[in-house]
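> data-v4.pdb is the file, holding PDB, C-alpha atoms:
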```pdb
ATOM      1  CA  MET J  26     -75.061-131.428  45.264  1.00  0.00           C
ATOM      2  CA  GLN J  27     -71.790-132.261  43.616  1.00  0.00           C
ATOM      3  CA  ILE J  28     -71.344-128.796  42.160  1.00  0.00           C
ATOM      4  CA  TYR J  29     -71.474-127.374  45.689  1.00  0.00           C
ATOM      5  CA  LYS J  30     -68.886-129.838  46.937  1.00  0.00           C
ATOM      6  CA  ASP J  31     -66.648-129.132  43.976  1.00  0.00           C
ATOM      7  CA  TYR J  32     -66.788-125.338  44.027  1.00  0.00           C
ATOM      8  CA  LYS J  33     -67.651-124.253  47.568  1.00  0.00           C
ATOM      9  CA  ASP J  34     -64.058-123.130  48.061  1.00  0.00           C
ATOM     10  CA  HIS J  35     -64.453-120.675  45.187  1.00  0.00           C
ATOM     11  CA  ALA J  36     -68.087-119.546  45.183  1.00  0.00           C
ATOM     12  CA  ASP J  37     -70.933-119.129  47.611  1.00  0.00           C
ATOM     13  CA  PHE J  38     -74.109-121.108  47.221  1.00  0.00           C
ATOM     14  CA  LEU J  39     -77.666-120.428  48.256  1.00  0.00           C
ATOM     15  CA  THR J  40     -80.727-122.577  47.747  1.00  0.00           C
ATOM     16  CA  VAL J  41     -84.000-120.676  47.827  1.00  0.00           C
ATOM     17  CA  TYR J  42     -87.201-122.542  48.510  1.00  0.00           C
ATOM     18  CA  VAL J  43     -90.139-121.152  46.547  1.00  0.00           C
ATOM     19  CA  ARG J  44     -93.782-122.165  46.157  1.00  0.00           C
ATOM     20  CA  GLU J  45     -94.342-125.854  45.557  1.00  0.00           C
ATOM     21  CA  ALA J  46     -94.419-127.082  41.970  1.00  0.00           C
ATOM     22  CA  HIS J  47     -96.533-130.224  42.387  1.00  0.00           C
ATOM     23  CA  PRO J  48     -98.489-130.061  45.625  1.00  0.00           C
ATOM     24  CA  THR J  49    -101.239-132.551  46.387  1.00  0.00           C
ATOM     25  CA  ASP J  50    -103.970-129.914  46.091  1.00  0.00           C
ATOM     26  CA  GLU J  51    -102.824-128.663  42.700  1.00  0.00           C
ATOM     27  CA  TRP J  52    -100.884-130.488  39.989  1.00  0.00           C
ATOM     28  CA  GLN J  53     -99.567-133.557  41.723  1.00  0.00           C
ATOM     29  CA  MET J  54     -97.422-135.932  39.682  1.00  0.00           C
ATOM     30  CA  ASN J  55     -97.353-139.725  39.977  1.00  0.00           C
ATOM     31  CA  SER J  56     -93.651-139.495  40.762  1.00  0.00           C
ATOM     32  CA  ASN J  57     -94.443-137.488  43.884  1.00  0.00           C
ATOM     33  CA  VAL J  58     -96.646-140.297  45.156  1.00  0.00           C
ATOM     34  CA  LYS J  59     -94.043-142.952  44.323  1.00  0.00           C
ATOM     35  CA  GLU J  60     -91.308-141.022  46.097  1.00  0.00           C
ATOM     36  CA  ASP J  61     -93.572-140.116  49.005  1.00  0.00           C
ATOM     37  CA  VAL J  62     -93.171-136.407  48.437  1.00  0.00           C
ATOM     38  CA  CYS J  63     -96.740-135.355  49.110  1.00  0.00           C
ATOM     39  CA  TYR J  64     -97.387-131.867  50.410  1.00  0.00           C
ATOM     40  CA  ALA J  65    -100.214-129.432  49.915  1.00  0.00           C
ATOM     41  CA  GLN J  66     -99.330-125.961  48.710  1.00  0.00           C
ATOM     42  CA  PRO J  67     -98.251-124.114  51.864  1.00  0.00           C
ATOM     43  CA  LYS J  68    -100.719-121.433  52.857  1.00  0.00           C
ATOM     44  CA  THR J  69     -98.593-120.035  55.685  1.00  0.00           C
ATOM     45  CA  LEU J  70     -94.955-119.260  56.161  1.00  0.00           C
ATOM     46  CA  GLU J  71     -94.783-121.828  58.953  1.00  0.00           C
ATOM     47  CA  GLN J  72     -95.890-124.521  56.508  1.00  0.00           C
ATOM     48  CA  ARG J  73     -93.205-123.460  54.047  1.00  0.00           C
ATOM     49  CA  VAL J  74     -90.591-123.560  56.782  1.00  0.00           C
ATOM     50  CA  ALA J  75     -91.716-127.056  57.796  1.00  0.00           C
ATOM     51  CA  ILE J  76     -91.525-128.424  54.244  1.00  0.00           C
ATOM     52  CA  ALA J  77     -88.142-126.792  53.666  1.00  0.00           C
ATOM     53  CA  ASN J  78     -86.817-128.410  56.809  1.00  0.00           C
ATOM     54  CA  ASP J  79     -88.227-131.793  55.766  1.00  0.00           C
ATOM     55  CA  PHE J  80     -86.360-131.472  52.489  1.00  0.00           C
ATOM     56  CA  VAL J  81     -83.065-130.533  54.094  1.00  0.00           C
ATOM     57  CA  GLU J  82     -83.377-133.342  56.618  1.00  0.00           C
ATOM     58  CA  ARG J  83     -84.344-136.028  54.121  1.00  0.00           C
ATOM     59  CA  PHE J  84     -81.476-135.295  51.746  1.00  0.00           C
ATOM     60  CA  ASN J  85     -78.982-134.028  54.292  1.00  0.00           C
ATOM     61  CA  TYR J  86     -78.877-131.036  51.992  1.00  0.00           C
ATOM     62  CA  PRO J  87     -75.581-129.223  52.438  1.00  0.00           C
ATOM     63  CA  THR J  88     -75.957-125.756  50.962  1.00  0.00           C
ATOM     64  CA  PRO J  89     -77.059-122.621  52.790  1.00  0.00           C
ATOM     65  CA  PHE J  90     -80.800-122.289  52.543  1.00  0.00           C
ATOM     66  CA  GLY J  91     -83.350-119.479  52.390  1.00  0.00           C
ATOM     67  CA  ILE J  92     -87.119-119.536  52.213  1.00  0.00           C
ATOM     68  CA  ASP J  93     -89.151-117.155  50.090  1.00  0.00           C
ATOM     69  CA  ASP J  94     -91.896-115.545  52.123  1.00  0.00           C
ATOM     70  CA  MET J  95     -95.572-115.682  51.254  1.00  0.00           C
ATOM     71  CA  THR J  96     -95.369-112.561  49.088  1.00  0.00           C
ATOM     72  CA  ASN J  97     -93.168-114.669  46.753  1.00  0.00           C
ATOM     73  CA  ALA J  98     -90.865-111.674  46.371  1.00  0.00           C
ATOM     74  CA  ALA J  99     -87.745-113.663  45.475  1.00  0.00           C
ATOM     75  CA  ASN J 100     -89.706-115.916  43.146  1.00  0.00           C
ATOM     76  CA  ASP J 101     -91.166-112.934  41.295  1.00  0.00           C
ATOM     77  CA  ALA J 102     -87.909-110.979  41.162  1.00  0.00           C
ATOM     78  CA  TYR J 103     -86.054-113.909  39.631  1.00  0.00           C
ATOM     79  CA  ALA J 104     -88.926-115.560  37.692  1.00  0.00           C
ATOM     80  CA  ALA J 105     -87.773-118.625  39.576  1.00  0.00           C
ATOM     81  CA  TRP J 106     -90.752-120.969  39.593  1.00  0.00           C
ATOM     82  CA  PRO J 107     -90.605-123.942  39.294  1.00  0.00           C
ATOM     83  CA  GLU J 108     -86.810-124.072  39.302  1.00  0.00           C
ATOM     84  CA  ARG J 109     -83.973-121.984  37.986  1.00  0.00           C
ATOM     85  CA  ILE J 110     -80.306-121.340  38.602  1.00  0.00           C
ATOM     86  CA  TYR J 111     -78.566-117.989  38.650  1.00  0.00           C
ATOM     87  CA  ILE J 112     -75.009-116.929  39.237  1.00  0.00           C
ATOM     88  CA  ILE J 113     -74.403-113.447  40.609  1.00  0.00           C
ATOM     89  CA  ASP J 114     -70.899-112.076  40.195  1.00  0.00           C
ATOM     90  CA  GLU J 115     -68.841-110.007  42.613  1.00  0.00           C
ATOM     91  CA  GLN J 116     -70.238-106.803  41.131  1.00  0.00           C
ATOM     92  CA  ARG J 117     -73.715-108.026  42.075  1.00  0.00           C
ATOM     93  CA  ARG J 118     -74.719-108.502  38.473  1.00  0.00           C
ATOM     94  CA  ILE J 119     -76.335-111.498  36.810  1.00  0.00           C
ATOM     95  CA  ALA J 120     -73.469-113.525  35.369  1.00  0.00           C
ATOM     96  CA  TYR J 121     -75.488-116.606  34.445  1.00  0.00           C
ATOM     97  CA  ARG J 122     -79.242-117.027  34.087  1.00  0.00           C
ATOM     98  CA  GLY J 123     -80.419-120.582  33.664  1.00  0.00           C
ATOM     99  CA  GLY J 124     -83.486-121.645  31.785  1.00  0.00           C
ATOM    100  CA  MET J 125     -86.845-122.310  33.361  1.00  0.00           C
ATOM    101  CA  GLY J 126     -87.185-125.828  34.730  1.00  0.00           C
ATOM    102  CA  PRO J 127     -87.784-128.603  34.267  1.00  0.00           C
ATOM    103  CA  PHE J 128     -86.968-128.811  30.575  1.00  0.00           C
ATOM    104  CA  ASN J 129     -84.502-125.953  30.420  1.00  0.00           C
ATOM    105  CA  TYR J 130     -82.948-126.507  33.839  1.00  0.00           C
ATOM    106  CA  HIS J 131     -79.314-127.396  33.200  1.00  0.00           C
ATOM    107  CA  PRO J 132     -77.028-127.311  36.239  1.00  0.00           C
ATOM    108  CA  GLU J 133     -74.157-128.351  33.992  1.00  0.00           C
ATOM    109  CA  GLU J 134     -74.273-124.852  32.491  1.00  0.00           C
ATOM    110  CA  ALA J 135     -73.669-123.330  35.909  1.00  0.00           C
ATOM    111  CA  ARG J 136     -70.853-125.839  36.409  1.00  0.00           C
ATOM    112  CA  ALA J 137     -69.375-124.804  33.059  1.00  0.00           C
ATOM    113  CA  TRP J 138     -69.419-121.152  34.158  1.00  0.00           C
ATOM    114  CA  LEU J 139     -67.620-122.026  37.365  1.00  0.00           C
ATOM    115  CA  ALA J 140     -65.194-124.284  35.509  1.00  0.00           C
ATOM    116  CA  SER J 141     -64.356-121.490  33.074  1.00  0.00           C
ATOM    117  CA  ARG J 142     -63.322-119.375  36.076  1.00  0.00           C
ATOM    118  CA  TYR J 143     -61.830-121.885  38.467  1.00  0.00           C
ATOM    119  CA  GLY J 144     -61.016-124.898  36.366  1.00  0.00           C
ATOM    120  CA  GLU J 145     -62.760-128.215  36.011  1.00  0.00           C
ATOM    121  CA  VAL J 146     -62.615-129.607  39.543  1.00  0.00           C
ATOM    122  CA  ARG J 147     -63.822-133.081  38.715  1.00  0.00           C
ATOM    123  CA  ALA J 148     -61.264-133.530  35.949  1.00  0.00           C
ATOM    124  CA  LYS J 149     -58.482-132.557  38.351  1.00  0.00           C
ATOM    125  CA  ARG J 150     -59.755-135.056  40.922  1.00  0.00           C
ATOM    126  CA  LEU J 151     -59.921-137.835  38.368  1.00  0.00           C
ATOM    127  CA  GLN J 152     -56.441-136.941  37.173  1.00  0.00           C
ATOM    128  CA  ARG J 153     -55.083-137.151  40.739  1.00  0.00           C
ATOM    129  CA  TYR J 154     -56.817-140.485  41.298  1.00  0.00           C
ATOM    130  CA  LEU J 155     -55.466-141.966  38.091  1.00  0.00           C
ATOM    131  CA  THR J 156     -51.971-140.629  38.806  1.00  0.00           C
ATOM    132  CA  ARG J 157     -52.034-142.330  42.221  1.00  0.00           C
ATOM    133  CA  LYS J 158     -53.213-145.598  40.676  1.00  0.00           C
ATOM    134  CA  ILE J 159     -50.524-145.545  37.987  1.00  0.00           C
ATOM    135  CA  THR J 160     -47.825-144.659  40.526  1.00  0.00           C
ATOM    136  CA  LYS J 161     -48.874-147.521  42.830  1.00  0.00           C
ATOM    137  CA  ARG J 162     -48.732-150.009  39.987  1.00  0.00           C
ATOM    138  CA  ALA J 163     -45.307-148.744  38.900  1.00  0.00           C
ATOM    139  CA  VAL J 164     -43.932-149.072  42.460  1.00  0.00           C
ATOM    140  CA  ALA J 165     -45.551-152.442  43.307  1.00  0.00           C
ATOM    141  CA  PRO J 166     -43.261-155.441  42.858  1.00  0.00           C
TER     142      PRO J 166
ATOM    143  CA  MET T 190    -118.045-121.585   5.486  1.00  0.00           C
ATOM    144  CA  LEU T 191    -118.809-121.215   9.181  1.00  0.00           C
ATOM    145  CA  LYS T 192    -118.857-124.987   9.478  1.00  0.00           C
ATOM    146  CA  TRP T 193    -115.316-125.189   8.144  1.00  0.00           C
ATOM    147  CA  ILE T 194    -114.099-122.462  10.496  1.00  0.00           C
ATOM    148  CA  GLY T 195    -115.778-124.259  13.380  1.00  0.00           C
ATOM    149  CA  ALA T 196    -114.176-127.549  12.350  1.00  0.00           C
ATOM    150  CA  VAL T 197    -110.730-125.938  12.152  1.00  0.00           C
ATOM    151  CA  VAL T 198    -111.171-124.368  15.589  1.00  0.00           C
ATOM    152  CA  VAL T 199    -112.236-127.701  17.069  1.00  0.00           C
ATOM    153  CA  LEU T 200    -109.260-129.436  15.474  1.00  0.00           C
ATOM    154  CA  LEU T 201    -106.881-126.783  16.783  1.00  0.00           C
ATOM    155  CA  ILE T 202    -108.301-127.132  20.289  1.00  0.00           C
ATOM    156  CA  LEU T 203    -108.007-130.907  20.033  1.00  0.00           C
ATOM    157  CA  ALA T 204    -104.414-130.612  18.862  1.00  0.00           C
ATOM    158  CA  ALA T 205    -103.630-128.293  21.763  1.00  0.00           C
ATOM    159  CA  VAL T 206    -105.185-130.700  24.264  1.00  0.00           C
ATOM    160  CA  ILE T 207    -103.294-133.638  22.787  1.00  0.00           C
ATOM    161  CA  GLY T 208    -100.056-131.684  22.709  1.00  0.00           C
ATOM    162  CA  LEU T 209    -100.424-130.557  26.313  1.00  0.00           C
ATOM    163  CA  SER T 210    -101.373-134.076  27.386  1.00  0.00           C
ATOM    164  CA  VAL T 211     -98.237-135.458  25.743  1.00  0.00           C
ATOM    165  CA  MET T 212     -96.122-132.745  27.367  1.00  0.00           C
ATOM    166  CA  ALA T 213     -97.687-133.212  30.784  1.00  0.00           C
ATOM    167  CA  GLY T 214     -97.951-137.000  30.616  1.00  0.00           C
ATOM    168  CA  SER T 215    -101.719-137.304  30.775  1.00  0.00           C
ATOM    169  CA  LEU T 216    -104.958-135.414  30.267  1.00  0.00           C
ATOM    170  CA  ARG T 217    -105.066-134.775  34.024  1.00  0.00           C
ATOM    171  CA  GLY T 218    -101.531-133.493  33.808  1.00  0.00           C
ATOM    172  CA  ALA T 219    -102.518-131.211  30.974  1.00  0.00           C
ATOM    173  CA  TYR T 220    -105.284-129.762  33.129  1.00  0.00           C
ATOM    174  CA  GLY T 221    -102.831-129.278  35.988  1.00  0.00           C
ATOM    175  CA  LEU T 222    -100.347-127.624  33.662  1.00  0.00           C
ATOM    176  CA  VAL T 223    -102.902-125.125  32.374  1.00  0.00           C
ATOM    177  CA  ARG T 224    -104.707-124.536  35.654  1.00  0.00           C
ATOM    178  CA  TYR T 225    -101.789-124.351  38.104  1.00  0.00           C
ATOM    179  CA  ALA T 226     -98.496-124.075  36.280  1.00  0.00           C
ATOM    180  CA  LEU T 227     -98.982-121.628  33.440  1.00  0.00           C
ATOM    181  CA  PRO T 228    -100.217-118.778  35.688  1.00  0.00           C
ATOM    182  CA  HIS T 229     -96.972-119.009  37.675  1.00  0.00           C
ATOM    183  CA  MET T 230     -94.533-119.521  34.842  1.00  0.00           C
ATOM    184  CA  HIS T 231     -92.860-116.264  33.939  1.00  0.00           C
ATOM    185  CA  ARG T 232     -90.061-115.768  31.515  1.00  0.00           C
ATOM    186  CA  GLY T 233     -88.969-112.814  33.614  1.00  0.00           C
ATOM    187  CA  THR T 234     -87.069-109.781  32.454  1.00  0.00           C
ATOM    188  CA  LEU T 235     -83.646-110.382  33.969  1.00  0.00           C
ATOM    189  CA  ARG T 236     -80.737-110.672  31.586  1.00  0.00           C
ATOM    190  CA  VAL T 237     -77.051-111.395  32.022  1.00  0.00           C
ATOM    191  CA  GLY T 238     -75.402-108.143  33.011  1.00  0.00           C
ATOM    192  CA  ASP T 239     -78.428-106.789  34.894  1.00  0.00           C
ATOM    193  CA  ASP T 240     -78.133-105.822  38.523  1.00  0.00           C
ATOM    194  CA  ALA T 241     -79.177-108.763  40.664  1.00  0.00           C
ATOM    195  CA  PRO T 242     -82.440-108.048  42.501  1.00  0.00           C
ATOM    196  CA  ASP T 243     -82.499-108.242  46.241  1.00  0.00           C
ATOM    197  CA  ALA T 244     -85.086-110.056  48.316  1.00  0.00           C
ATOM    198  CA  SER T 245     -85.586-110.894  51.959  1.00  0.00           C
ATOM    199  CA  LEU T 246     -85.477-114.585  52.828  1.00  0.00           C
ATOM    200  CA  LEU T 247     -86.297-116.539  55.938  1.00  0.00           C
ATOM    201  CA  ALA T 248     -83.757-118.928  57.402  1.00  0.00           C
ATOM    202  CA  LEU T 249     -84.577-122.560  58.168  1.00  0.00           C
ATOM    203  CA  ASP T 250     -85.066-121.724  61.824  1.00  0.00           C
ATOM    204  CA  GLY T 251     -88.229-119.916  60.805  1.00  0.00           C
ATOM    205  CA  SER T 252     -87.363-116.693  62.580  1.00  0.00           C
ATOM    206  CA  SER T 253     -84.135-115.115  61.382  1.00  0.00           C
ATOM    207  CA  ARG T 254     -84.035-113.275  58.091  1.00  0.00           C
ATOM    208  CA  PHE T 255     -81.382-112.248  55.630  1.00  0.00           C
ATOM    209  CA  HIS T 256     -81.171-110.566  52.241  1.00  0.00           C
ATOM    210  CA  ILE T 257     -79.805-112.121  49.066  1.00  0.00           C
ATOM    211  CA  ARG T 258     -77.628-109.023  48.745  1.00  0.00           C
ATOM    212  CA  GLU T 259     -75.808-109.888  51.971  1.00  0.00           C
ATOM    213  CA  ARG T 260     -74.459-113.023  50.288  1.00  0.00           C
ATOM    214  CA  THR T 261     -73.058-111.158  47.274  1.00  0.00           C
ATOM    215  CA  GLY T 262     -70.162-108.841  46.581  1.00  0.00           C
ATOM    216  CA  VAL T 263     -67.228-110.985  47.691  1.00  0.00           C
ATOM    217  CA  ARG T 264     -67.436-114.190  45.668  1.00  0.00           C
ATOM    218  CA  PRO T 265     -69.802-115.383  42.940  1.00  0.00           C
ATOM    219  CA  LEU T 266     -73.109-116.542  44.364  1.00  0.00           C
ATOM    220  CA  VAL T 267     -74.829-119.551  42.833  1.00  0.00           C
ATOM    221  CA  ILE T 268     -78.551-119.403  43.608  1.00  0.00           C
ATOM    222  CA  VAL T 269     -80.652-122.502  43.072  1.00  0.00           C
ATOM    223  CA  PHE T 270     -84.393-121.843  43.194  1.00  0.00           C
ATOM    224  CA  GLY T 271     -86.757-124.766  43.629  1.00  0.00           C
ATOM    225  CA  SER T 272     -89.231-126.636  45.784  1.00  0.00           C
ATOM    226  CA  TYR T 273     -89.595-130.090  47.279  1.00  0.00           C
ATOM    227  CA  THR T 274     -92.285-131.512  45.003  1.00  0.00           C
TER     228      THR T 274
END
```
Translate the structure of the given file into structure tokens.


Amino acid sequence: MQIYKDYKDHADFLTVYVREAHPTDEWQMNSNVKEDVCYAQPKTLEQRVAIANDFVERFNYPTPFGIDDMTNAANDAYAAWPERIYIIDEQRRIAYRGGMGPFNYHPEEARAWLASRYGEVRAKRLQRYLTRKITKRAVAP
Amino acid sequence: MLKWIGAVVVLLILAAVIGLSVMAGSLRGAYGLVRYALPHMHRGTLRVGDDAPDASLLALDGSSRFHIRERTGVRPLVIVFGSYT
């Protein structure tokens, strides 16, 4: 998650695992089979916890993580399923509400919100890299 | 007259099936979309500026819990909702 790496010094991040989008016993996609991501819809909290841990382990996922319980309270409160991004400001208000995934899921919009507050981190990095390269060439005999 | 209405209805249903199949990638996908996805897709009522709802979440250890609210109030909180599949 590049956005997490770029802005973790400025904002907190939380990934919330909700009910599965394409489980084997519901609407499984061919891509799930190809990528060996085959899970039935969890029927217990323990099953959700197990799948969430598989995900974190497989991708070495860096952000803090929470799991929605079987009442789907977080999912319902945020109309999250299948995927959505929110930004909550310091006053605990919704500052950014992303579109419903997959078609309207645009992490770059969340990045743009963070960039508008804290600057474009990637551009600064690239600028530093290029400055170092140019300086080295100027100094080299 | 009824025949024409019936024909129009059939054509509309066919168009819907074709449209959903294109969107979902296949006829099977269209069935999955209607049967499993649509009942869970909600536009929701939250808007920018609304108070952020709170919810209790379970940590990866499977036993400890925390609230979304505990992670807010100091810095902006970016919440990414999703699943593995």

> Quick one, how far is CA of Phe80 in chain J from CA of Ala219 in chain T?

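Calculated distance between CA of Phe80 in chain J and CA of Ala219 in chain T is 26.9 Å.
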
> Output as CSV one row per residue of range 201-230 of chain T within 10 Å of range 102-126 of chain J: the closest atom pair and its distance in Å to one decimal place, counting all atoms listed in the file, sorted by chain and residue number ascending.


```
residue,atom,partner,partner_atom,distance
T:Ala226,CA,J:Pro107,CA,8.4
T:His229,CA,J:Trp106,CA,6.8
T:Met230,CA,J:Trp106,CA,6.2
```

> Please write as a PyMOL selection string the full residue list that the PyMOL selection byres ((chain T) within 6 of (chain J)) yields on this file.

chain T and resi 221+231+233+237-241+244+246-248+251+262-272+274

> Which value, in Å to one decimal, gives the distance between CA of Leu222 in chain T and CA of Val206 in chain T?

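Atom-to-atom, CA of Leu222 in chain T to CA of Val206 in chain T, that is 11.0 Å.
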
> Go ahead and compute the interatomic distance for CA of Thr96 in chain J and CA of Asp243 in chain T, in Å to one decimal.

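These two atoms are separated by 13.9 Å.
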
> Tell me which residues the PyMOL selection byres ((chain T and resi 255) around 6) grabs here, as a PyMOL selection string.

chain T and resi 245-246+254+256

> Suppose we keep C-alpha atoms; can you now write the selection as a compact mmCIF listing (two decimals), in the coordinates of the input?


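To be explicit, this is the file written out as part.txt:
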```txt
# COMPACT_ATOMS: atom_id res chain seq x y z
CA SER T 245 -85.59 -110.89 51.96
CA LEU T 246 -85.48 -114.58 52.83
CA ARG T 254 -84.04 -113.28 58.09
CA HIS T 256 -81.17 -110.57 52.24
```

> As lines of an AutoDock Vina configuration file, please report the centre and edge lengths, rounded to one decimal in Å, of the axis-aligned box that holds all listed atoms of range 69-84 of chain J with 4 Å of padding on each of the six sides.


```
center_x = -90.0
center_y = -127.6
center_z = 55.3
size_x = 25.1
size_y = 24.8
size_z = 15.2
```

> Show which residues sit within 9 Å of Leu209 in chain T, as number ranges by chain. Count all atoms listed in the file, and ignore same-chain residues fewer than 5 positions away.

T: 204, 214-216, 218-220, 222-223
